[in-house]
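Peer 1: Handing over entry31.cif, mmCIF, C-alpha atoms.
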```cif
data_start
loop_
_atom_site.label_atom_id
_atom_site.label_comp_id
_atom_site.auth_asym_id
_atom_site.auth_seq_id
_atom_site.Cartn_x
_atom_site.Cartn_y
_atom_site.Cartn_z
CA MET A 1 23.58 4.75 -8.89
CA SER A 2 25.19 2.74 -6.18
CA ARG A 3 22.08 2.31 -4.02
CA PRO A 4 20.05 0.33 -6.57
CA LEU A 5 23.03 -1.98 -6.95
CA MET A 6 23.18 -2.54 -3.21
CA VAL A 7 19.44 -3.02 -2.86
CA SER A 8 19.29 -5.50 -5.70
CA SER A 9 22.30 -7.39 -4.29
CA PHE A 10 20.57 -7.89 -1.01
CA ALA A 11 17.31 -8.77 -2.71
CA LEU A 12 19.05 -11.45 -4.77
CA ALA A 13 20.81 -12.77 -1.72
CA LEU A 14 17.57 -12.95 0.24
CA VAL A 15 15.93 -14.87 -2.58
CA LEU A 16 18.87 -17.26 -2.67
CA ALA A 17 18.83 -17.65 1.08
CA ALA A 18 15.12 -18.36 1.01
CA CYS A 19 15.71 -21.12 -1.52
CA GLY A 20 17.43 -23.43 0.88
CA GLY A 21 18.96 -23.97 4.24
CA ASP A 22 17.36 -25.57 7.21
CA ASP A 23 14.30 -27.66 7.08
CA ASP A 24 13.21 -27.60 10.70
CA THR A 25 9.78 -28.83 9.91
CA SER A 26 9.91 -32.10 11.79
CA THR A 27 9.35 -32.65 15.42
CA ALA A 28 8.81 -36.39 15.25
CA SER A 29 11.68 -38.77 14.99
CA GLU A 30 10.66 -42.37 14.63
CA GLY A 31 8.83 -43.99 11.80
CA GLY A 32 8.59 -43.30 8.13
CA GLY A 33 12.09 -44.56 7.47
CA GLY A 34 13.67 -41.16 8.12
CA PRO A 35 16.47 -40.48 10.56
CA SER A 36 15.70 -40.77 14.24
CA VAL A 37 17.10 -39.71 17.57
CA GLU A 38 16.03 -40.50 21.11
CA ILE A 39 17.07 -39.75 24.65
CA VAL A 40 17.99 -43.01 26.36
CA GLU A 41 19.21 -41.43 29.56
CA PRO A 42 18.03 -39.64 31.66
CA ALA A 43 14.55 -41.07 31.69
CA GLY A 44 11.58 -38.79 31.29
CA GLY A 45 10.60 -37.21 34.62
CA ALA A 46 13.99 -37.95 36.19
CA GLU A 47 15.72 -35.59 38.54
CA ILE A 48 19.16 -34.66 37.29
CA GLY A 49 22.07 -32.89 38.90
CA VAL A 50 24.94 -31.04 37.33
CA PRO A 51 26.95 -32.65 35.87
CA PHE A 52 24.63 -35.32 34.54
CA THR A 53 24.95 -38.23 32.18
CA LEU A 54 23.26 -38.10 28.80
CA VAL A 55 22.84 -41.00 26.41
CA VAL A 56 21.35 -40.39 22.99
CA ASP A 57 20.71 -42.96 20.34
CA SER A 58 20.33 -42.12 16.71
CA SER A 59 19.76 -44.08 13.54
CA GLU A 60 22.59 -42.06 12.00
CA GLU A 61 26.30 -42.33 12.59
CA LEU A 62 27.59 -39.42 14.65
CA GLY A 63 30.86 -37.61 14.08
CA PRO A 64 32.56 -34.23 13.89
CA THR A 65 31.67 -31.93 11.00
CA ASP A 66 34.77 -32.82 9.00
CA THR A 67 33.67 -36.47 8.81
CA GLY A 68 30.45 -35.49 7.03
CA ASN A 69 28.45 -37.38 9.68
CA HIS A 70 25.49 -36.16 11.72
CA HIS A 71 25.73 -34.71 15.20
CA VAL A 72 23.25 -33.91 17.97
CA HIS A 73 22.42 -30.55 19.54
CA VAL A 74 21.38 -30.71 23.22
CA TYR A 75 19.53 -27.76 24.77
CA PHE A 76 16.77 -26.93 27.22
CA ASP A 77 13.24 -25.55 26.93
CA GLY A 78 13.35 -25.32 23.15
CA ASP A 79 15.94 -22.55 23.24
CA ASP A 80 18.61 -23.66 20.80
CA SER A 81 20.60 -20.43 20.93
CA SER A 82 23.07 -22.18 23.27
CA TYR A 83 23.61 -25.89 23.02
CA GLU A 84 25.94 -28.78 23.71
CA VAL A 85 27.19 -30.74 20.72
CA ILE A 86 27.33 -34.52 20.76
CA GLU A 87 29.43 -35.61 17.82
CA SER A 88 30.57 -39.07 18.80
CA GLY A 89 29.61 -42.07 20.86
CA ASN A 90 26.15 -42.81 19.55
CA GLY A 91 24.41 -44.74 22.35
CA GLU A 92 27.25 -44.08 24.79
CA GLU A 93 27.34 -42.00 27.94
CA HIS A 94 28.24 -38.30 27.76
CA GLU A 95 28.77 -36.14 30.77
CA ILE A 96 27.14 -32.73 30.53
CA THR A 97 29.12 -30.51 32.86
CA ALA A 98 28.36 -27.16 34.47
CA ASP A 99 30.34 -25.25 31.84
CA SER A 100 28.21 -26.65 29.01
CA PRO A 101 26.56 -23.87 26.96
CA ALA A 102 23.30 -25.82 27.24
CA LEU A 103 23.23 -25.22 31.00
CA GLU A 104 24.07 -21.53 30.81
CA GLY A 105 21.55 -19.54 32.84
CA LEU A 106 19.43 -22.61 33.57
CA GLU A 107 17.67 -22.30 36.93
CA PRO A 108 16.95 -25.36 39.08
CA GLY A 109 13.47 -26.75 38.51
CA GLU A 110 11.44 -28.50 35.88
CA HIS A 111 12.69 -28.14 32.31
CA THR A 112 12.34 -29.72 28.92
CA LEU A 113 15.50 -31.42 27.68
CA ASN A 114 15.67 -31.25 23.87
CA VAL A 115 17.88 -33.11 21.44
CA SER A 116 17.99 -32.39 17.73
CA LEU A 117 19.74 -34.47 15.10
CA ARG A 118 21.70 -32.22 12.74
CA ASN A 119 23.37 -32.71 9.39
CA ALA A 120 27.10 -32.09 9.15
CA ASP A 121 26.36 -28.54 7.91
CA HIS A 122 24.38 -27.94 11.15
CA SER A 123 20.99 -27.84 9.41
CA ALA A 124 18.17 -29.84 10.98
CA ALA A 125 18.16 -33.48 9.86
CA GLY A 126 14.48 -33.93 10.66
CA ALA A 127 14.63 -35.82 13.94
CA ASP A 128 14.10 -34.35 17.40
CA ALA A 129 13.19 -35.66 20.81
CA GLU A 130 12.40 -34.17 24.20
CA ILE A 131 11.73 -35.22 27.78
CA THR A 132 10.84 -33.39 30.95
CA VAL A 133 13.45 -33.42 33.71
CA THR A 134 13.90 -31.71 37.05
CA VAL A 135 17.26 -29.98 37.30
CA GLY A 136 18.84 -29.82 40.75
CA GLU A 137 21.37 -27.33 42.08
CA ALA A 138 24.68 -27.05 40.23
CA GLY A 139 27.29 -29.23 41.86
CA SER A 140 24.71 -31.69 43.13
CA GLY A 141 26.39 -34.01 40.68
CA GLY A 142 25.53 -37.47 39.63
CA SER A 143 23.46 -39.17 37.03
CA PRO A 144 19.76 -39.56 37.05
CA SER A 145 18.39 -40.52 40.43
CA ASP A 146 16.97 -43.77 39.20
CA ASP A 147 20.18 -44.99 37.62
CA GLU A 148 22.70 -47.36 39.02
CA ASN A 149 26.11 -45.87 38.25
CA ASP A 150 26.70 -42.56 39.97
CA GLU A 151 30.44 -42.35 40.31
CA SER A 152 33.52 -43.77 38.65
CA GLU A 153 32.16 -43.01 35.24
CA GLU A 154 34.41 -43.25 32.24
CA PRO A 155 35.64 -39.86 31.04
CA PRO A 156 33.37 -38.29 28.46
CA ASP A 157 34.41 -39.19 24.97
CA TYR A 158 33.07 -36.28 23.04
CA ASP A 159 35.81 -34.22 21.54
CA TYR A 160 36.12 -30.64 20.41
CA MET B 1 34.21 21.44 -8.75
CA THR B 2 35.97 24.24 -10.57
CA THR B 3 39.67 24.71 -10.19
CA GLU B 4 41.96 27.32 -11.63
CA PRO B 5 43.36 26.07 -14.89
CA GLY B 6 46.80 24.60 -14.39
CA THR B 7 46.43 24.17 -10.63
CA PRO B 8 45.60 20.56 -9.91
CA ARG B 9 43.44 19.78 -6.89
CA PRO B 10 45.37 18.60 -3.86
CA THR B 11 43.46 15.32 -3.94
CA VAL B 12 42.63 12.87 -6.69
CA GLU B 13 39.69 10.48 -6.96
CA ARG B 14 40.87 6.89 -6.99
CA ASN B 15 37.55 5.03 -6.71
CA ASN B 16 34.04 6.17 -7.54
CA ALA B 17 31.00 5.77 -5.29
CA ARG B 18 29.84 2.53 -6.91
CA THR B 19 33.19 0.85 -6.36
CA ARG B 20 33.34 2.07 -2.78
CA TRP B 21 29.84 0.76 -2.01
CA LEU B 22 30.73 -2.60 -3.50
CA HIS B 23 33.92 -2.70 -1.45
CA ALA B 24 31.94 -1.81 1.68
CA ALA B 25 29.43 -4.60 1.05
CA VAL B 26 32.13 -7.16 0.29
CA SER B 27 34.30 -6.22 3.27
CA THR B 28 31.38 -6.21 5.72
CA THR B 29 30.09 -9.61 4.62
CA VAL B 30 33.59 -11.09 4.48
CA LEU B 31 34.29 -9.82 7.99
CA VAL B 32 31.12 -11.49 9.34
CA LEU B 33 31.99 -14.69 7.46
CA LEU B 34 35.51 -14.73 8.86
CA LEU B 35 34.34 -14.08 12.43
CA THR B 36 31.60 -16.72 12.40
CA GLY B 37 33.71 -19.19 10.40
CA TRP B 38 36.66 -18.97 12.75
CA TRP B 39 34.34 -19.12 15.77
CA LEU B 40 33.00 -22.46 14.53
CA THR B 41 36.42 -23.71 13.43
CA LEU B 42 37.85 -23.00 16.89
CA GLY B 43 35.27 -25.35 18.44
CA GLN B 44 32.87 -22.74 19.80
CA GLU B 45 29.78 -24.20 18.17
CA GLY B 46 26.85 -24.07 20.56
CA ARG B 47 28.30 -21.09 22.41
CA PRO B 48 26.86 -18.00 20.68
CA SER B 49 29.40 -15.44 19.47
CA PRO B 50 28.71 -11.74 20.12
CA LEU B 51 27.44 -11.51 16.53
CA SER B 52 25.12 -14.44 17.11
CA GLU B 53 23.77 -12.87 20.29
CA LEU B 54 23.27 -9.60 18.45
CA THR B 55 21.29 -11.14 15.61
CA GLY B 56 19.55 -13.98 17.43
CA GLN B 57 20.77 -16.47 14.81
CA SER B 58 23.19 -19.27 15.55
CA ASP B 59 26.69 -18.80 14.19
CA ALA B 60 26.18 -21.60 11.68
CA GLU B 61 22.92 -20.04 10.41
CA LEU B 62 24.51 -16.60 10.31
CA HIS B 63 27.49 -17.94 8.36
CA THR B 64 25.20 -19.57 5.80
CA THR B 65 22.90 -16.56 5.41
CA ILE B 66 25.72 -14.04 5.07
CA GLY B 67 27.47 -16.46 2.71
CA TRP B 68 24.48 -16.14 0.38
CA VAL B 69 24.45 -12.36 0.77
CA PHE B 70 28.14 -12.26 -0.11
CA THR B 71 27.55 -14.49 -3.14
CA GLY B 72 24.76 -12.18 -4.30
CA VAL B 73 26.96 -9.11 -3.86
CA ALA B 74 29.85 -10.76 -5.72
CA VAL B 75 27.68 -11.86 -8.64
CA LEU B 76 25.93 -8.51 -8.96
CA GLY B 77 29.22 -6.68 -8.59
CA ALA B 78 30.75 -8.71 -11.38
CA VAL B 79 27.71 -8.32 -13.64
CA ALA B 80 26.76 -4.68 -12.98
CA GLY B 81 30.36 -3.51 -12.77
CA TRP B 82 31.77 -5.78 -15.43
CA ARG B 83 34.06 -3.08 -16.88
CA ALA B 84 35.68 -2.44 -13.51
CA ALA B 85 35.84 -6.19 -12.92
CA ARG B 86 37.57 -6.63 -16.28
CA THR B 87 40.07 -3.89 -15.42
CA LEU B 88 40.72 -5.48 -12.05
CA LEU B 89 41.44 -8.80 -13.73
CA THR B 90 43.44 -7.55 -16.70
CA ASP B 91 45.61 -5.24 -14.65
CA SER B 92 46.14 -7.84 -11.94
CA VAL B 93 47.50 -10.45 -14.36
CA ARG B 94 49.78 -7.98 -16.15
CA PHE B 95 53.31 -8.11 -14.75
CA ARG B 96 56.24 -6.28 -16.31
CA ARG B 97 59.97 -6.79 -16.01
CA ALA B 98 60.27 -3.55 -13.99
CA ASP B 99 57.99 -4.99 -11.32
CA VAL B 100 60.86 -7.20 -10.14
CA ARG B 101 62.63 -4.03 -9.04
CA TRP B 102 59.50 -2.90 -7.24
CA PHE B 103 59.38 -6.18 -5.29
CA ALA B 104 63.10 -5.89 -4.45
CA HIS B 105 62.57 -2.42 -2.98
CA TRP B 106 59.30 -3.23 -1.29
CA PRO B 107 60.42 -4.42 2.18
CA ARG B 108 62.30 -1.17 2.78
CA ALA B 109 59.78 1.02 0.98
CA VAL B 110 57.04 -0.14 3.34
CA VAL B 111 58.83 1.95 5.96
CA THR B 112 60.51 4.67 3.90
CA GLY B 113 57.79 5.18 1.29
CA ARG B 114 60.40 5.10 -1.50
CA PHE B 115 58.74 2.54 -3.74
CA ALA B 116 60.29 1.70 -7.09
CA ARG B 117 58.26 3.00 -9.99
CA HIS B 118 55.61 0.83 -11.61
CA GLU B 119 53.10 1.55 -14.33
CA GLY B 120 50.11 -0.43 -13.17
CA HIS B 121 46.75 0.71 -11.93
CA PHE B 122 47.58 -1.46 -8.92
CA ASP B 123 51.06 -1.86 -7.50
CA PRO B 124 52.66 -5.27 -8.13
CA GLY B 125 52.03 -6.46 -4.56
CA GLN B 126 48.40 -5.46 -4.86
CA ARG B 127 48.16 -7.38 -8.11
CA LEU B 128 49.40 -10.56 -6.42
CA ALA B 129 46.98 -10.01 -3.53
CA ASN B 130 44.12 -9.35 -5.97
CA LEU B 131 44.76 -12.62 -7.77
CA ALA B 132 45.01 -14.56 -4.51
CA LEU B 133 41.81 -12.99 -3.16
CA ILE B 134 39.84 -13.55 -6.37
CA VAL B 135 40.83 -17.20 -6.65
CA LEU B 136 40.31 -17.94 -2.96
CA LEU B 137 36.96 -16.14 -2.82
CA LEU B 138 35.81 -18.14 -5.84
CA VAL B 139 36.86 -21.36 -4.12
CA LEU B 140 35.08 -20.27 -0.94
CA ILE B 141 31.87 -19.44 -2.82
CA VAL B 142 31.83 -22.69 -4.80
CA THR B 143 32.67 -24.91 -1.82
CA GLY B 144 30.28 -22.95 0.40
CA ILE B 145 27.43 -23.62 -2.01
CA GLY B 146 28.61 -27.24 -2.18
CA LEU B 147 28.50 -27.58 1.62
CA TRP B 148 25.00 -26.12 1.70
CA SER B 149 23.73 -28.31 -1.12
CA VAL B 150 24.94 -31.70 0.14
CA SER B 151 24.53 -31.13 3.93
CA GLY B 152 26.69 -34.15 4.76
CA GLY B 153 28.33 -37.30 3.42
CA PRO B 154 31.55 -37.90 1.44
CA ALA B 155 31.15 -34.88 -0.88
CA PHE B 156 30.67 -32.71 2.19
CA VAL B 157 34.01 -33.92 3.56
CA TRP B 158 35.81 -32.68 0.42
CA PHE B 159 33.93 -29.40 0.20
CA ASN B 160 34.66 -28.85 3.89
CA ARG B 161 38.35 -29.60 3.45
CA LEU B 162 38.68 -27.17 0.51
CA HIS B 163 36.60 -24.53 2.28
CA ARG B 164 38.83 -24.71 5.36
CA TRP B 165 42.09 -24.63 3.43
CA ALA B 166 40.92 -21.71 1.33
CA THR B 167 40.08 -19.93 4.60
CA TYR B 168 43.52 -20.69 6.04
CA LEU B 169 45.12 -19.12 2.95
CA PHE B 170 42.62 -16.28 2.63
CA THR B 171 42.94 -15.08 6.24
CA PRO B 172 46.62 -13.96 6.16
CA VAL B 173 46.12 -12.31 2.75
CA ILE B 174 43.15 -10.30 4.04
CA VAL B 175 44.99 -9.43 7.25
CA GLY B 176 47.89 -8.14 5.11
CA HIS B 177 45.43 -6.17 2.97
CA VAL B 178 43.86 -4.55 6.03
CA LEU B 179 47.29 -3.82 7.54
CA ILE B 180 48.47 -2.08 4.36
CA ALA B 181 45.19 -0.29 3.68
CA SER B 182 44.93 0.96 7.26
CA GLY B 183 47.96 3.20 6.74
CA ILE B 184 49.75 1.95 9.83
CA LEU B 185 52.82 1.25 7.69
CA PRO B 186 54.52 4.58 6.89
CA GLY B 187 54.92 3.81 3.19
CA TYR B 188 51.17 3.35 2.78
CA ARG B 189 50.09 6.30 4.91
CA GLY B 190 46.96 7.95 3.53
CA VAL B 191 46.04 5.26 1.01
CA TRP B 192 42.94 4.27 3.00
CA ARG B 193 41.28 7.40 1.61
CA ALA B 194 41.30 5.80 -1.83
CA MET B 195 38.44 3.48 -0.82
CA HIS B 196 36.68 5.31 2.00
CA LEU B 197 34.69 8.46 2.55
CA GLY B 198 35.01 10.36 -0.73
CA GLY B 199 37.49 7.99 -2.37
CA ARG B 200 39.94 10.85 -2.85
CA LEU B 201 43.52 10.62 -1.64
CA ARG B 202 46.29 13.20 -1.45
CA ARG B 203 48.24 13.59 -4.68
CA ARG B 204 51.53 12.99 -2.93
CA ASP B 205 50.24 9.64 -1.58
CA ALA B 206 48.99 8.70 -5.04
CA ALA B 207 52.32 9.71 -6.60
CA ARG B 208 54.19 7.58 -4.11
CA VAL B 209 52.10 4.41 -4.45
CA TRP B 210 50.53 4.59 -7.94
CA PRO B 211 52.72 6.99 -9.98
CA GLY B 212 51.81 5.71 -13.45
CA TRP B 213 48.11 5.76 -12.69
CA LEU B 214 48.30 9.33 -11.36
CA GLU B 215 50.07 10.55 -14.50
CA ARG B 216 47.49 8.93 -16.76
CA THR B 217 44.66 10.35 -14.65
CA ASP B 218 46.13 13.85 -14.85
CA ALA B 219 46.70 13.52 -18.58
CA ALA B 220 43.11 12.42 -19.10
CA ALA B 221 41.83 15.25 -16.92
CA SER B 222 43.73 17.87 -18.87
CA ALA B 223 42.55 16.35 -22.13
CA VAL B 224 38.97 16.75 -20.91
CA GLU B 225 39.72 20.32 -19.86
CA ASP B 226 41.17 21.04 -23.28
CA GLU B 227 38.06 19.69 -24.94
CA GLY B 228 35.97 22.16 -23.01
CA VAL B 229 33.19 21.87 -20.49
CA ASP B 230 31.36 19.17 -22.44
CA GLY B 231 33.59 16.31 -21.45
CA PRO B 232 32.78 12.73 -22.05
CA GLY B 233 29.62 11.42 -20.43
CA GLU B 234 29.34 8.08 -18.70
CA ASP B 235 30.28 9.51 -15.35
CA ASP B 236 29.22 6.29 -13.68
CA GLU B 237 31.99 4.44 -15.39
CA PRO B 238 34.64 3.54 -12.84
CA ARG B 239 37.57 5.82 -13.53
CA GLN B 240 40.07 3.01 -13.48
CA ALA B 241 38.25 1.32 -16.34
CA ARG B 242 39.00 4.23 -18.65
CA PHE B 243 42.74 4.34 -18.38
CA HIS B 244 43.76 0.93 -19.44
#
```
Hey, can you dump this file as structure tokens for me?
Peer 2:
Amino acid sequence: MSRPLMVSSFALALVLAACGGDDDTSTASEGGGGPSVEIVEPAGGAEIGVPFTLVVDSSEELGPTDTGNHHVHVYFDGDDSSYEVIESGNGEEHEITADSPALEGLEPGEHTLNVSLRNADHSAAGADAEITVTVGEAGSGGSPSDDENDESEEPPDYDY
Amino acid sequence: MTTEPGTPRPTVERNNARTRWLHAAVSTTVLVLLLTGWWLTLGQEGRPSPLSELTGQSDAELHTTIGWVFTGVAVLGAVAGWRAARTLLTDSVRFRRADVRWFAHWPRAVVTGRFARHEGHFDPGQRLANLALIVLLLVLIVTGIGLWSVSGGPAFVWFNRLHRWATYLFTPVIVGHVLIASGILPGYRGVWRAMHLGGRLRRRDAARVWPGWLERTDAAASAVEDEGVDGPGEDDEPRQARFH
């Protein structure tokens, strides 16, 4: 008697879960009037050290979850199981340090740097961008090789 | 299941299999929701929790999916077990004058096991906890669905605020429930059996914690015995639903 109840509970829940949630259909960002996100820095093909400076620019206002605003997930090689969260400073510099989850287990070499704009509830907002970068050894520091300001950066202003 | 007439079994069934399965489903989903919810609340988003690594889903996705599973379990539990749900509600809102004495004795009884007598299916502390859990779980379900449906914006801010505050209130209540049900406290030793394995607990534990319920259960059992082997049917009916 109890098993049918359990089975039907899970079936109902699966149906409900299938009804909604993430819409990670989009890979494009610009155009069509929808939300957009782009990687301003580093430039595509740049060599980056760890830590490195990241600048993203989005059409949406960024903020922590409790503000109801969007935020950006940063990860490598399309693997969004571990990611850095950018939830402030749209268009400003963010330092991605060695202890960032996005860099966990990342070997030096060529990688794809992904950013994904997310709704406040963490579902995909329909705007993603990616560039190819070459990651140097950890501790090699600095910003992208072709950028002007290496040191004396302002402290990162993302907050947890 | 035959016993000598007049010699009661050393254990008594408190919850039937259906109730225990529902409790197992609710407690498992609630545990996952609490773990993933607190993981995100404590600023660990982006860093997969052990549960996230185990399932391959991000903590946020896992929280949402299990939230739907929990909602499904709660709705089906309330619909399919509506008699038990009604008993849970009606007994939980029924407080008697004598319960004041129970509350006055409670802090010491937790250690000594000498609880003041009460007549309820649940003890007065359980009734308060039941009401708190029901209300808070309802708030969590409604605001959780709200968070999922709006995704962001001003309504999200309010749903998020309510969802968080309900969690802050829910967490200590559920911790207290687990502490009491675990039997660590001497006064509640053995009560965990009421909801686990066979759902049968020792009579002396039942007499200590739910004396009125035990007496009614025994009276009903002997009435069935007196009627003969052909007792009432409806064995699926949760036992607690029949004695109130």
Peer 1: Which residues, written as JSON, numbers by chain, have at least one atom at most 6 Å from range 58-67 of chain A, with all atoms listed in the file counted and residues fewer than 4 positions away on the same chain left out?
Peer 2: {"A": [35, 36, 37, 71, 87, 88, 120], "B": [157]}
Peer 1: Taking all atoms listed in the file into account, what are the residues of chain B at most 9 Å from chain A, put as a VMD selection string?
Peer 2: chain B and resid 17 to 22 25 42 to 48 52 to 53 56 to 58 60 to 61 64 to 77 80 147 to 158 160 to 161 236
Peer 1: If you measure from CA of Pro186 in chain B to CA of Val111 in chain B, what distance in Å do you get, rounded to one decimal?
Peer 2: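 Answer for the CA of Pro186 in chain B to CA of Val111 in chain B separation: 5.1 Å.
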Peer 1: For a quick check of understanding, using all atoms listed in the file, which of B:Gly37, B:Gly190, B:Pro107, B:Gly81 has the smallest distance to Leu62 in chain B?
Peer 2: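 Using all atoms listed in the file, the shortest distance to Leu62 in chain B belongs to B:Gly37.
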Peer 1: I'd like the neighbourhood of Leu31 in chain B as an mmCIF file with C-alpha atoms, keeping the file's coordinate frame, where a residue qualifies if any of its atoms comes within 12 Å (using all atoms listed in the file), though same-chain residues fewer than 3 positions away should be ignored.
Peer 2:
```cif
data_model
loop_
_atom_site.group_PDB
_atom_site.id
_atom_site.type_symbol
_atom_site.label_atom_id
_atom_site.label_comp_id
_atom_site.auth_asym_id
_atom_site.auth_seq_id
_atom_site.Cartn_x
_atom_site.Cartn_y
_atom_site.Cartn_z
ATOM 1 C CA HIS B 23 33.920 -2.700 -1.450
ATOM 2 C CA ALA B 24 31.940 -1.810 1.680
ATOM 3 C CA ALA B 25 29.430 -4.600 1.050
ATOM 4 C CA VAL B 26 32.130 -7.160 0.290
ATOM 5 C CA SER B 27 34.300 -6.220 3.270
ATOM 6 C CA THR B 28 31.380 -6.210 5.720
ATOM 7 C CA LEU B 34 35.510 -14.730 8.860
ATOM 8 C CA LEU B 35 34.340 -14.080 12.430
ATOM 9 C CA THR B 36 31.600 -16.720 12.400
ATOM 10 C CA GLY B 37 33.710 -19.190 10.400
ATOM 11 C CA TRP B 38 36.660 -18.970 12.750
ATOM 12 C CA LEU B 51 27.440 -11.510 16.530
ATOM 13 C CA HIS B 63 27.490 -17.940 8.360
ATOM 14 C CA ILE B 66 25.720 -14.040 5.070
ATOM 15 C CA GLY B 67 27.470 -16.460 2.710
ATOM 16 C CA PHE B 70 28.140 -12.260 -0.110
ATOM 17 C CA PHE B 170 42.620 -16.280 2.630
ATOM 18 C CA THR B 171 42.940 -15.080 6.240
ATOM 19 C CA ILE B 174 43.150 -10.300 4.040
ATOM 20 C CA VAL B 175 44.990 -9.430 7.250
ATOM 21 C CA VAL B 178 43.860 -4.550 6.030
#
```
Peer 1: Mind filling out range 73-88 of chain B with N, CA and C atoms and sending it as a PDB file, in the frame of the given file?
Peer 2:
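out-v9.pdb was written with the following content:
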```
ATOM      1  N   VAL B  73      26.201 -10.342  -3.646  1.00  0.00           N
ATOM      2  CA  VAL B  73      26.960  -9.110  -3.860  1.00  0.00           C
ATOM      3  C   VAL B  73      28.061  -9.341  -4.905  1.00  0.00           C
ATOM      4  N   ALA B  74      28.743 -10.475  -4.789  1.00  0.00           N
ATOM      5  CA  ALA B  74      29.850 -10.760  -5.720  1.00  0.00           C
ATOM      6  C   ALA B  74      29.333 -10.922  -7.144  1.00  0.00           C
ATOM      7  N   VAL B  75      28.223 -11.640  -7.290  1.00  0.00           N
ATOM      8  CA  VAL B  75      27.680 -11.860  -8.640  1.00  0.00           C
ATOM      9  C   VAL B  75      27.190 -10.541  -9.236  1.00  0.00           C
ATOM     10  N   LEU B  76      26.437  -9.785  -8.438  1.00  0.00           N
ATOM     11  CA  LEU B  76      25.930  -8.510  -8.960  1.00  0.00           C
ATOM     12  C   LEU B  76      27.059  -7.533  -9.239  1.00  0.00           C
ATOM     13  N   GLY B  77      28.068  -7.551  -8.367  1.00  0.00           N
ATOM     14  CA  GLY B  77      29.220  -6.680  -8.590  1.00  0.00           C
ATOM     15  C   GLY B  77      29.917  -7.006  -9.889  1.00  0.00           C
ATOM     16  N   ALA B  78      30.062  -8.295 -10.152  1.00  0.00           N
ATOM     17  CA  ALA B  78      30.750  -8.710 -11.380  1.00  0.00           C
ATOM     18  C   ALA B  78      29.908  -8.413 -12.623  1.00  0.00           C
ATOM     19  N   VAL B  79      28.575  -8.536 -12.477  1.00  0.00           N
ATOM     20  CA  VAL B  79      27.710  -8.320 -13.640  1.00  0.00           C
ATOM     21  C   VAL B  79      27.481  -6.817 -13.881  1.00  0.00           C
ATOM     22  N   ALA B  80      27.071  -6.114 -12.817  1.00  0.00           N
ATOM     23  CA  ALA B  80      26.760  -4.680 -12.980  1.00  0.00           C
ATOM     24  C   ALA B  80      28.028  -3.855 -13.200  1.00  0.00           C
ATOM     25  N   GLY B  81      29.129  -4.275 -12.599  1.00  0.00           N
ATOM     26  CA  GLY B  81      30.360  -3.510 -12.770  1.00  0.00           C
ATOM     27  C   GLY B  81      31.378  -4.291 -13.581  1.00  0.00           C
ATOM     28  N   TRP B  82      30.902  -4.851 -14.697  1.00  0.00           N
ATOM     29  CA  TRP B  82      31.770  -5.780 -15.430  1.00  0.00           C
ATOM     30  C   TRP B  82      33.002  -5.099 -16.007  1.00  0.00           C
ATOM     31  N   ARG B  83      32.886  -3.779 -16.328  1.00  0.00           N
ATOM     32  CA  ARG B  83      34.060  -3.080 -16.880  1.00  0.00           C
ATOM     33  C   ARG B  83      35.146  -2.957 -15.810  1.00  0.00           C
ATOM     34  N   ALA B  84      34.716  -2.572 -14.608  1.00  0.00           N
ATOM     35  CA  ALA B  84      35.680  -2.440 -13.510  1.00  0.00           C
ATOM     36  C   ALA B  84      36.253  -3.810 -13.168  1.00  0.00           C
ATOM     37  N   ALA B  85      35.381  -4.834 -13.222  1.00  0.00           N
ATOM     38  CA  ALA B  85      35.840  -6.190 -12.920  1.00  0.00           C
ATOM     39  C   ALA B  85      36.880  -6.640 -13.944  1.00  0.00           C
ATOM     40  N   ARG B  86      36.626  -6.267 -15.217  1.00  0.00           N
ATOM     41  CA  ARG B  86      37.570  -6.630 -16.280  1.00  0.00           C
ATOM     42  C   ARG B  86      38.914  -5.926 -16.062  1.00  0.00           C
ATOM     43  N   THR B  87      38.836  -4.639 -15.682  1.00  0.00           N
ATOM     44  CA  THR B  87      40.070  -3.890 -15.420  1.00  0.00           C
ATOM     45  C   THR B  87      40.833  -4.510 -14.257  1.00  0.00           C
ATOM     46  N   LEU B  88      40.091  -4.852 -13.222  1.00  0.00           N
ATOM     47  CA  LEU B  88      40.720  -5.480 -12.050  1.00  0.00           C
ATOM     48  C   LEU B  88      41.470  -6.733 -12.468  1.00  0.00           C
TER      49      LEU B  88
END
```
